[in-house]
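Reviewing the structure listed below.
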Amino acid sequence: MGPVPRTLELFYDVLSPYSWLGFEVLCRYQNIWNIKLQLRPSLLGGIMKDSGNKPPAMLPRKGQYLREDIKLLRQHFQVPIEFPKDFFSTILEKGSLSAMRFLTALSLEHPEMLEKVSRELWMRVWSRDEDITEPQSILAAAEKAGMSAEQAQGILEKISTPKVKNQLKETTEAACKYGAFGLPITVVHVDGQPHMLFGSDRMELLAYLLGEKWMGPVPPAVNARI
């Protein structure tokens with residue numbers, strides 16, 4: 001018997017491009033490091049409101065930096081990330097409430113599909129500039145990720161239930177209690193103590209906390225999945 005895997009929680013929202021980068025890195029390392037990865041769909045808007053933070057793109061200089069940063073990170077992380085043409089409408093006006101409720105319902109009913117459907121939703125909004133707010137868009141993402149039409153429809157019908165709404169709210173509040181002011185956050189539990197790391201650029205520090213080896217965003221032991 002080897003050492004017990006350390007629990008690693010990733011709180012994310014598919015509206016967040018940096019969440020996608022952190023998600024892909026942790027998915028690549030989950031079978032390399034001795035960790036148990038828990039995906040925690042959360043609502044970025046709720047965290048921003050609770051913390052008093054504002055989207056970085058609201059400040060013009062940060063918005064310009066963000067665009068250039070994403071171009072470099074696309075290559076470095078090997079993730080096909082692209083800025084939506086109408087950023088403000090897609091990200092700031094339409095939001096991701098229905099999509100995150102769908103992922104929350106999925107985590108309760110079919111957790112084995114959570115990774116693939118989350119990735120497909122990111123692919124839609126942050127790679128192909130497609131909608132993630134309409135029911136048919138969410139169903140299309142789920143089916144492309146490998147769910148049957150019947151399975152996906154069943155999950156969609158549950159996104160307005162109190163159980164799903166409350167679960168998303170509770171997960172978002174849990175992120176806030178850890179100290180989140182944006183997403184993603186990764187919470188690693190070491191020796192009974194939680195450590196919260198913000199963003200997708202703290203993976204080397206995460207490896208240090210875990211006592212694991214950091215081999216870059218695309219470790220040689222695995223190939224990028226996308």
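Chain identifiers are assigned as A, B, and so on, following the order in which chains appear in the structure tokens; residues are numbered from 1 within each chain, and ligands are numbered from 1 in order of appearance.
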(message) Just want the 8 Å neighbourhood of Leu168 in chain A, counted on only C-alpha atoms, with same-chain residues fewer than 5 positions away dropped. Output as JSON, numbers by chain.
(response) {"A": [41, 42, 43, 100, 101, 104]}
(request) Find the spatial neighbours of Ala141 in chain A, counting only C-alpha atoms, within a cut-off of 9 Å - ignore same-chain residues fewer than 4 positions away - and output them as a VMD selection string. (result) chain A and resid 117 to 121 123 to 124 132 136 to 137 145 to 147
Wanna dump the range 50-98 of chain A-range 188-212 of chain A contacts at 12 Å for me, each residue with its shortest atom pair and the distance in Å to one decimal, counting only C-alpha atoms, ordered by chain and number, as JSON lines?
```
{"residue": "A:Asp69", "atom": "CA", "partner": "A:Asp201", "partner_atom": "CA", "distance": 11.9}
{"residue": "A:Ile70", "atom": "CA", "partner": "A:Ser200", "partner_atom": "CA", "distance": 11.9}
{"residue": "A:Leu73", "atom": "CA", "partner": "A:Ser200", "partner_atom": "CA", "distance": 10.2}
{"residue": "A:His76", "atom": "CA", "partner": "A:Asp201", "partner_atom": "CA", "distance": 11.5}
{"residue": "A:Phe77", "atom": "CA", "partner": "A:Ser200", "partner_atom": "CA", "distance": 10.2}
```
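Going from CA of Arg61 in chain A to CA of Gly182 in chain A covers 18.6 Å.
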(request) Mind the document's chain letters and residue numbers, and return as a PyMOL selection string the residues of range 32-135 of chain A that DSSP labels alpha helix (DSSP H). (result) chain A and resi 44-51+60-77+87+97-109+114-126+135
(request) Point out the residue among A:Tyr18, A:Phe23, A:Trp33, A:Tyr12 with the least atom-to-atom distance to Lys116 in chain A, counting only C-alpha atoms. (result)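 The answer is A:Phe23, which sits nearest to Lys116 in chain A.
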(message) With distances taken over only C-alpha atoms, which residue among A:Leu103, A:Met48, A:Cys27, A:Leu39 lies nearest Cys176 in chain A?
(response)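 That would be A:Met48, the residue with the smallest distance to Cys176 in chain A.
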(request) Please give the complete set of residues from range 14-94 of chain A that DSSP, run on the backbone, assigns to strand (DSSP E), formatted as a VMD selection string. (result) chain A and resid 35 to 41
(request) Show which residues sit within 7 Å of Ile81 in chain A, as a PyMOL selection string. Count only C-alpha atoms, and ignore same-chain residues fewer than 5 positions away. (result) chain A and resi 74+126-127
Store the residues of this selection in a file with C-alpha atoms, as a PDB file, in the first residue's frame.
```
ATOM      1  CA  ARG A  74      -2.456  28.978 -25.952  1.00  0.00           C
ATOM      2  CA  TRP A 126     -13.379  29.820 -25.602  1.00  0.00           C
ATOM      3  CA  SER A 127     -12.282  28.074 -28.799  1.00  0.00           C
TER       4      SER A 127
END
```
(request) Could you check which of A:Val25, A:Ala180, A:Leu66, A:Leu108 is closest to Lys158 in chain A, using only C-alpha atoms? (result) A:Leu108
